[in-house]
file run_4.cif (mmCIF, N, CA and C atoms)
data_data
#
loop_
_atom_site.group_PDB
_atom_site.id
_atom_site.type_symbol
_atom_site.label_atom_id
_atom_site.label_comp_id
_atom_site.auth_asym_id
_atom_site.auth_seq_id
_atom_site.Cartn_x
_atom_site.Cartn_y
_atom_site.Cartn_z
ATOM 1 N N MET A 256 -14.307 -13.452 -35.502
ATOM 2 C CA MET A 256 -14.199 -12.029 -35.272
ATOM 3 C C MET A 256 -13.685 -11.806 -33.845
ATOM 4 N N PRO A 257 -12.676 -10.925 -33.652
ATOM 5 C CA PRO A 257 -12.146 -10.683 -32.299
ATOM 6 C C PRO A 257 -13.187 -9.995 -31.412
ATOM 7 N N ALA A 258 -13.048 -10.239 -30.127
ATOM 8 C CA ALA A 258 -13.957 -9.605 -29.158
ATOM 9 C C ALA A 258 -13.724 -8.102 -29.154
ATOM 10 N N PRO A 259 -14.785 -7.326 -28.935
ATOM 11 C CA PRO A 259 -14.601 -5.867 -28.865
ATOM 12 C C PRO A 259 -13.799 -5.495 -27.622
ATOM 13 N N PRO A 260 -13.104 -4.372 -27.666
ATOM 14 C CA PRO A 260 -12.339 -3.953 -26.491
ATOM 15 C C PRO A 260 -13.280 -3.608 -25.334
ATOM 16 N N PRO A 261 -12.787 -3.675 -24.108
ATOM 17 C CA PRO A 261 -13.623 -3.295 -22.958
ATOM 18 C C PRO A 261 -14.085 -1.847 -23.113
ATOM 19 N N PRO A 262 -15.226 -1.515 -22.505
ATOM 20 C CA PRO A 262 -15.748 -0.157 -22.642
ATOM 21 C C PRO A 262 -14.916 0.914 -21.937
ATOM 22 N N TRP A 263 -14.079 0.499 -20.988
ATOM 23 C CA TRP A 263 -13.231 1.471 -20.296
ATOM 24 C C TRP A 263 -11.982 0.789 -19.765
ATOM 25 N N THR A 264 -10.999 1.615 -19.451
ATOM 26 C CA THR A 264 -9.708 1.129 -18.960
ATOM 27 C C THR A 264 -9.382 1.827 -17.656
ATOM 28 N N LEU A 265 -8.969 1.065 -16.675
ATOM 29 C CA LEU A 265 -8.517 1.614 -15.394
ATOM 30 C C LEU A 265 -7.000 1.753 -15.456
ATOM 31 N N VAL A 266 -6.491 2.931 -15.171
ATOM 32 C CA VAL A 266 -5.053 3.165 -15.128
ATOM 33 C C VAL A 266 -4.611 3.040 -13.676
ATOM 34 N N SER A 267 -3.738 2.093 -13.417
ATOM 35 C CA SER A 267 -3.244 1.858 -12.063
ATOM 36 C C SER A 267 -1.830 2.397 -11.932
ATOM 37 N N LEU A 268 -1.634 3.243 -10.948
ATOM 38 C CA LEU A 268 -0.322 3.820 -10.665
ATOM 39 C C LEU A 268 0.306 3.200 -9.425
ATOM 40 N N ARG A 269 -0.166 2.037 -9.057
ATOM 41 C CA ARG A 269 0.415 1.358 -7.885
ATOM 42 C C ARG A 269 1.857 0.971 -8.165
ATOM 43 N N PRO A 270 2.622 0.751 -7.106
ATOM 44 C CA PRO A 270 4.018 0.331 -7.298
ATOM 45 C C PRO A 270 4.115 -0.995 -8.042
ATOM 46 N N ALA A 271 5.258 -1.234 -8.611
ATOM 47 C CA ALA A 271 5.506 -2.480 -9.336
ATOM 48 C C ALA A 271 5.107 -3.677 -8.484
ATOM 49 N N GLY A 272 4.384 -4.609 -9.070
ATOM 50 C CA GLY A 272 3.948 -5.810 -8.372
ATOM 51 C C GLY A 272 2.686 -5.636 -7.557
ATOM 52 N N GLY A 273 2.072 -4.468 -7.591
ATOM 53 C CA GLY A 273 0.908 -4.209 -6.757
ATOM 54 C C GLY A 273 -0.390 -4.014 -7.510
ATOM 55 N N HIS A 274 -0.498 -4.570 -8.703
ATOM 56 C CA HIS A 274 -1.672 -4.320 -9.540
ATOM 57 C C HIS A 274 -2.715 -5.435 -9.527
ATOM 58 N N ASP A 275 -2.412 -6.589 -8.943
ATOM 59 C CA ASP A 275 -3.309 -7.742 -9.063
ATOM 60 C C ASP A 275 -4.721 -7.470 -8.568
ATOM 61 N N ALA A 276 -4.858 -6.880 -7.400
ATOM 62 C CA ALA A 276 -6.198 -6.610 -6.858
ATOM 63 C C ALA A 276 -6.952 -5.635 -7.749
ATOM 64 N N MET A 277 -6.275 -4.634 -8.265
ATOM 65 C CA MET A 277 -6.929 -3.670 -9.155
ATOM 66 C C MET A 277 -7.328 -4.343 -10.468
ATOM 67 N N ARG A 278 -6.485 -5.230 -10.965
ATOM 68 C CA ARG A 278 -6.789 -5.955 -12.215
ATOM 69 C C ARG A 278 -8.054 -6.796 -12.032
ATOM 70 N N ARG A 279 -8.159 -7.494 -10.894
ATOM 71 C CA ARG A 279 -9.353 -8.308 -10.635
ATOM 72 C C ARG A 279 -10.599 -7.426 -10.492
ATOM 73 N N ALA A 280 -10.471 -6.315 -9.793
ATOM 74 C CA ALA A 280 -11.620 -5.414 -9.616
ATOM 75 C C ALA A 280 -12.072 -4.847 -10.958
ATOM 76 N N ALA A 281 -11.135 -4.447 -11.788
ATOM 77 C CA ALA A 281 -11.494 -3.914 -13.114
ATOM 78 C C ALA A 281 -12.214 -4.982 -13.929
ATOM 79 N N ALA A 282 -11.695 -6.208 -13.909
ATOM 80 C CA ALA A 282 -12.304 -7.294 -14.676
ATOM 81 C C ALA A 282 -13.731 -7.578 -14.208
ATOM 82 N N ARG A 283 -13.963 -7.500 -12.902
ATOM 83 C CA ARG A 283 -15.326 -7.717 -12.381
ATOM 84 C C ARG A 283 -16.313 -6.707 -12.944
ATOM 85 N N HIS A 284 -15.811 -5.550 -13.337
ATOM 86 C CA HIS A 284 -16.685 -4.486 -13.854
ATOM 87 C C HIS A 284 -16.554 -4.327 -15.367
ATOM 88 N N GLY A 285 -15.980 -5.330 -16.005
ATOM 89 C CA GLY A 285 -15.912 -5.330 -17.459
ATOM 90 C C GLY A 285 -14.846 -4.434 -18.059
ATOM 91 N N ALA A 286 -13.860 -4.076 -17.283
ATOM 92 C CA ALA A 286 -12.815 -3.178 -17.774
ATOM 93 C C ALA A 286 -11.491 -3.913 -17.879
ATOM 94 N N ARG A 287 -10.550 -3.260 -18.483
ATOM 95 C CA ARG A 287 -9.181 -3.769 -18.483
ATOM 96 C C ARG A 287 -8.340 -2.828 -17.637
ATOM 97 N N LEU A 288 -7.155 -3.285 -17.280
ATOM 98 C CA LEU A 288 -6.263 -2.477 -16.456
ATOM 99 C C LEU A 288 -4.987 -2.180 -17.233
ATOM 100 N N LEU A 289 -4.585 -0.938 -17.192
ATOM 101 C CA LEU A 289 -3.305 -0.524 -17.745
ATOM 102 C C LEU A 289 -2.400 -0.223 -16.551
ATOM 103 N N ALA A 290 -1.408 -1.074 -16.317
ATOM 104 C CA ALA A 290 -0.517 -0.955 -15.159
ATOM 105 C C ALA A 290 0.665 -0.057 -15.518
ATOM 106 N N LEU A 291 0.724 1.094 -14.896
ATOM 107 C CA LEU A 291 1.843 2.025 -15.066
ATOM 108 C C LEU A 291 2.464 2.246 -13.695
ATOM 109 N N SER A 292 3.572 1.613 -13.449
ATOM 110 C CA SER A 292 4.212 1.705 -12.133
ATOM 111 C C SER A 292 5.287 2.781 -12.160
ATOM 112 N N PRO A 293 4.993 3.957 -11.586
ATOM 113 C CA PRO A 293 5.998 5.025 -11.596
ATOM 114 C C PRO A 293 7.073 4.833 -10.528
ATOM 115 N N TRP A 294 6.909 3.842 -9.666
ATOM 116 C CA TRP A 294 7.891 3.628 -8.607
ATOM 117 C C TRP A 294 7.852 2.178 -8.137
ATOM 118 N N ALA A 295 8.855 1.812 -7.362
ATOM 119 C CA ALA A 295 8.904 0.524 -6.678
ATOM 120 C C ALA A 295 9.166 0.816 -5.205
ATOM 121 N N LEU A 296 8.518 0.071 -4.335
ATOM 122 C CA LEU A 296 8.707 0.283 -2.897
ATOM 123 C C LEU A 296 9.972 -0.422 -2.435
ATOM 124 N N ARG A 297 10.783 0.304 -1.668
ATOM 125 C CA ARG A 297 11.986 -0.264 -1.061
ATOM 126 C C ARG A 297 12.017 0.184 0.395
ATOM 127 N N PRO A 298 11.724 -0.723 1.299
ATOM 128 C CA PRO A 298 11.718 -0.347 2.718
ATOM 129 C C PRO A 298 13.101 0.107 3.186
ATOM 130 N N CYS A 299 13.108 1.049 4.106
ATOM 131 C CA CYS A 299 14.351 1.531 4.720
ATOM 132 C C CYS A 299 14.615 0.713 5.983
ATOM 133 N N ASP A 300 15.864 0.404 6.219
ATOM 134 C CA ASP A 300 16.239 -0.312 7.437
ATOM 135 C C ASP A 300 17.549 0.280 7.935
ATOM 136 N N ASP A 301 17.421 1.471 8.532
ATOM 137 C CA ASP A 301 18.600 2.129 9.075
ATOM 138 C C ASP A 301 18.194 2.894 10.334
ATOM 139 N N ASP A 302 19.167 3.497 10.989
ATOM 140 C CA ASP A 302 18.892 4.198 12.249
ATOM 141 C C ASP A 302 17.909 5.344 12.066
ATOM 142 N N ASP A 303 18.030 6.095 10.977
ATOM 143 C CA ASP A 303 17.091 7.202 10.734
ATOM 144 C C ASP A 303 15.661 6.696 10.588
ATOM 145 N N ALA A 304 15.487 5.600 9.862
ATOM 146 C CA ALA A 304 14.144 5.043 9.677
ATOM 147 C C ALA A 304 13.571 4.559 11.005
ATOM 148 N N ARG A 305 14.401 3.893 11.813
ATOM 149 C CA ARG A 305 13.912 3.415 13.113
ATOM 150 C C ARG A 305 13.563 4.579 14.038
ATOM 151 N N ARG A 306 14.368 5.642 14.040
ATOM 152 C CA ARG A 306 14.044 6.818 14.868
ATOM 153 C C ARG A 306 12.737 7.472 14.417
ATOM 154 N N ALA A 307 12.553 7.605 13.107
ATOM 155 C CA ALA A 307 11.320 8.206 12.585
ATOM 156 C C ALA A 307 10.111 7.328 12.923
ATOM 157 N N LEU A 308 10.269 6.013 12.789
ATOM 158 C CA LEU A 308 9.171 5.109 13.131
ATOM 159 C C LEU A 308 8.861 5.177 14.620
ATOM 160 N N ASP A 309 9.878 5.204 15.468
ATOM 161 C CA ASP A 309 9.652 5.309 16.919
ATOM 162 C C ASP A 309 8.870 6.574 17.255
ATOM 163 N N ALA A 310 9.219 7.684 16.612
ATOM 164 C CA ALA A 310 8.504 8.943 16.859
ATOM 165 C C ALA A 310 7.046 8.822 16.412
ATOM 166 N N ALA A 311 6.819 8.216 15.252
ATOM 167 C CA ALA A 311 5.450 8.054 14.756
ATOM 168 C C ALA A 311 4.644 7.130 15.664
ATOM 169 N N LEU A 312 5.255 6.036 16.114
ATOM 170 C CA LEU A 312 4.543 5.087 16.962
ATOM 171 C C LEU A 312 4.262 5.625 18.362
ATOM 172 N N ALA A 313 4.916 6.713 18.737
ATOM 173 C CA ALA A 313 4.686 7.333 20.042
ATOM 174 C C ALA A 313 3.556 8.363 19.995
ATOM 175 N N CYS A 314 3.002 8.637 18.830
ATOM 176 C CA CYS A 314 1.949 9.646 18.687
ATOM 177 C C CYS A 314 0.614 9.161 19.256
ATOM 178 N N GLU A 315 -0.265 10.110 19.495
ATOM 179 C CA GLU A 315 -1.595 9.807 20.010
ATOM 180 C C GLU A 315 -2.400 8.954 19.026
ATOM 181 N N ALA A 316 -2.220 9.208 17.728
ATOM 182 C CA ALA A 316 -2.887 8.443 16.672
ATOM 183 C C ALA A 316 -1.836 7.989 15.663
ATOM 184 N N VAL A 317 -1.950 6.743 15.242
ATOM 185 C CA VAL A 317 -1.031 6.169 14.266
ATOM 186 C C VAL A 317 -1.864 5.747 13.062
ATOM 187 N N LEU A 318 -1.492 6.221 11.879
ATOM 188 C CA LEU A 318 -2.232 5.923 10.653
ATOM 189 C C LEU A 318 -1.327 5.176 9.688
ATOM 190 N N PHE A 319 -1.752 3.989 9.288
ATOM 191 C CA PHE A 319 -1.054 3.229 8.262
ATOM 192 C C PHE A 319 -1.808 3.420 6.959
ATOM 193 N N THR A 320 -1.096 3.770 5.905
ATOM 194 C CA THR A 320 -1.742 4.112 4.638
ATOM 195 C C THR A 320 -1.814 2.958 3.655
ATOM 196 N N SER A 321 -1.191 1.832 3.954
ATOM 197 C CA SER A 321 -1.235 0.693 3.036
ATOM 198 C C SER A 321 -0.729 -0.556 3.745
ATOM 199 N N PRO A 322 -1.064 -1.731 3.204
ATOM 200 C CA PRO A 322 -0.485 -2.959 3.748
ATOM 201 C C PRO A 322 1.041 -2.948 3.662
ATOM 202 N N ALA A 323 1.587 -2.347 2.621
ATOM 203 C CA ALA A 323 3.048 -2.270 2.486
ATOM 204 C C ALA A 323 3.647 -1.435 3.614
ATOM 205 N N ALA A 324 2.954 -0.386 4.044
ATOM 206 C CA ALA A 324 3.442 0.438 5.154
ATOM 207 C C ALA A 324 3.472 -0.373 6.447
ATOM 208 N N VAL A 325 2.452 -1.185 6.662
ATOM 209 C CA VAL A 325 2.415 -2.031 7.861
ATOM 210 C C VAL A 325 3.556 -3.050 7.818
ATOM 211 N N ARG A 326 3.755 -3.696 6.672
ATOM 212 C CA ARG A 326 4.842 -4.679 6.563
ATOM 213 C C ARG A 326 6.207 -4.034 6.813
ATOM 214 N N ALA A 327 6.425 -2.844 6.253
ATOM 215 C CA ALA A 327 7.709 -2.161 6.429
ATOM 216 C C ALA A 327 7.924 -1.788 7.892
ATOM 217 N N ALA A 328 6.886 -1.267 8.549
ATOM 218 C CA ALA A 328 7.006 -0.896 9.961
ATOM 219 C C ALA A 328 7.234 -2.131 10.831
ATOM 220 N N ALA A 329 6.492 -3.191 10.553
ATOM 221 C CA ALA A 329 6.609 -4.414 11.360
ATOM 222 C C ALA A 329 7.976 -5.077 11.202
ATOM 223 N N ALA A 330 8.637 -4.820 10.091
ATOM 224 C CA ALA A 330 9.982 -5.377 9.899
ATOM 225 C C ALA A 330 11.001 -4.673 10.794
ATOM 226 N N LEU A 331 10.667 -3.460 11.249
ATOM 227 C CA LEU A 331 11.598 -2.682 12.074
ATOM 228 C C LEU A 331 11.282 -2.742 13.563
ATOM 229 N N ARG A 332 10.010 -2.818 13.887
ATOM 230 C CA ARG A 332 9.593 -2.757 15.289
ATOM 231 C C ARG A 332 8.345 -3.604 15.503
ATOM 232 N N PRO A 333 8.171 -4.146 16.717
ATOM 233 C CA PRO A 333 6.892 -4.792 17.041
ATOM 234 C C PRO A 333 5.790 -3.727 17.001
ATOM 235 N N LEU A 334 4.666 -4.068 16.443
ATOM 236 C CA LEU A 334 3.565 -3.103 16.331
ATOM 237 C C LEU A 334 2.505 -3.429 17.377
ATOM 238 N N ARG A 335 2.509 -2.628 18.441
ATOM 239 C CA ARG A 335 1.550 -2.809 19.530
ATOM 240 C C ARG A 335 1.056 -1.432 19.965
ATOM 241 N N PRO A 336 -0.258 -1.202 19.906
ATOM 242 C CA PRO A 336 -0.783 0.086 20.370
ATOM 243 C C PRO A 336 -0.502 0.293 21.855
ATOM 244 N N GLY A 337 -0.197 1.536 22.197
ATOM 245 C CA GLY A 337 -0.021 1.888 23.596
ATOM 246 C C GLY A 337 -1.354 2.262 24.224
ATOM 247 N N PRO A 338 -1.383 2.411 25.536
ATOM 248 C CA PRO A 338 -2.630 2.784 26.218
ATOM 249 C C PRO A 338 -3.173 4.108 25.661
ATOM 250 N N GLY A 339 -4.437 4.099 25.293
ATOM 251 C CA GLY A 339 -5.107 5.299 24.821
ATOM 252 C C GLY A 339 -4.773 5.699 23.396
ATOM 253 N N GLN A 340 -3.945 4.970 22.717
ATOM 254 C CA GLN A 340 -3.576 5.293 21.337
ATOM 255 C C GLN A 340 -4.661 4.833 20.386
ATOM 256 N N ALA A 341 -4.873 5.621 19.332
ATOM 257 C CA ALA A 341 -5.767 5.234 18.248
ATOM 258 C C ALA A 341 -4.913 4.773 17.072
ATOM 259 N N TRP A 342 -5.157 3.567 16.593
ATOM 260 C CA TRP A 342 -4.464 3.046 15.411
ATOM 261 C C TRP A 342 -5.491 2.938 14.292
ATOM 262 N N LEU A 343 -5.137 3.499 13.148
ATOM 263 C CA LEU A 343 -6.047 3.579 12.013
ATOM 264 C C LEU A 343 -5.365 3.004 10.786
ATOM 265 N N ALA A 344 -6.174 2.474 9.872
ATOM 266 C CA ALA A 344 -5.651 1.961 8.606
ATOM 267 C C ALA A 344 -6.632 2.313 7.497
ATOM 268 N N VAL A 345 -6.105 2.559 6.332
ATOM 269 C CA VAL A 345 -6.920 2.841 5.158
ATOM 270 C C VAL A 345 -7.379 1.507 4.597
ATOM 271 N N GLY A 346 -8.653 1.398 4.222
ATOM 272 C CA GLY A 346 -9.155 0.176 3.600
ATOM 273 C C GLY A 346 -9.644 -0.823 4.627
ATOM 274 N N ALA A 347 -9.770 -2.042 4.152
ATOM 275 C CA ALA A 347 -10.359 -3.090 4.994
ATOM 276 C C ALA A 347 -9.361 -3.691 5.976
ATOM 277 N N GLY A 348 -8.070 -3.417 5.804
ATOM 278 C CA GLY A 348 -7.040 -4.006 6.666
ATOM 279 C C GLY A 348 -7.167 -3.585 8.082
#

call {"tool": "encode", "arguments": {"input": "run_4.cif", "output": "structure tokens"}}
result
Amino acid sequence: MPAPPPPWTLVSLRPAGGHDAMRRAAARHGARLLALSPWALRPCDDDDARRALDAALACEAVLFTSPAAVRAAAALRPLRPGPGQAWLAVGAG
């Protein structure tokens, strides 16, 4: 007899290739994961992106919203807090 389906399903809307951690977390709690990737991340590497990043890195507080955001920024500029700047990140990173 086949195993019964999990009691619940987690729907992940993370970008393509970014579901592994969510899949493991769902499995730890007895759930399955349905991966629906509505987008794929493509870092920008042009003058406009560098100017926007420079402006953001000059702010009093800098907030990174994901590991992918840190990787994209670090590919364009060295990431070093300035004197008195607050650097924040979402999650354990």

call {"tool": "residues_around", "arguments": {"input": "run_4.cif", "residues": "Leu291 (chain A)", "least_positions_apart": "6", "cutoff": "6 Å", "atoms": "all atoms listed in the file", "output": "VMD selection string"}}
result
chain A and resid 266 to 269

call {"tool": "atom_distance", "arguments": {"input": "run_4.cif", "atom1": "atom C of Arg306 (chain A)", "atom2": "CA of Gly346 (chain A)"}}
result
25.5 Å

call {"tool": "closest_residue", "arguments": {"input": "run_4.cif", "among": "A:Pro298, A:Gly272, A:Pro262, A:Pro322", "to": "Ala286 (chain A)", "atoms": "only N, CA and C atoms"}}
result
A:Pro262

call {"tool": "residues_near_point", "arguments": {"input": "run_4.cif", "point": "(-7.5, 1.2, -17.7)", "cutoff": "6 Å", "atoms": "only C-alpha atoms", "output": "list in words"}}
result
Thr264, Leu265, Val266, Arg287, Leu288 and Leu289 of chain A

call {"tool": "residues_around", "arguments": {"input": "run_4.cif", "residues": "Ala316 (chain A)", "least_positions_apart": "6", "cutoff": "6 Å", "atoms": "all atoms listed in the file", "output": "JSON, numbers by chain"}}
result
{"A": [340, 341, 342]}

call {"tool": "closest_residue", "arguments": {"input": "run_4.cif", "among": "A:Ala271, A:Leu318, A:Ala329, A:Ala258", "to": "Trp294 (chain A)", "atoms": "all atoms listed in the file"}}
result
A:Ala271

call {"tool": "axis_aligned_box", "arguments": {"input": "run_4.cif", "around": "region 285-294 of chain A", "padding_each_side": "8 Å", "output": "AutoDock Vina command-line options"}}
result
--center_x -4.0 --center_y -0.2 --center_z -13.3 --size_x 39.9 --size_y 26.4 --size_z 26.3
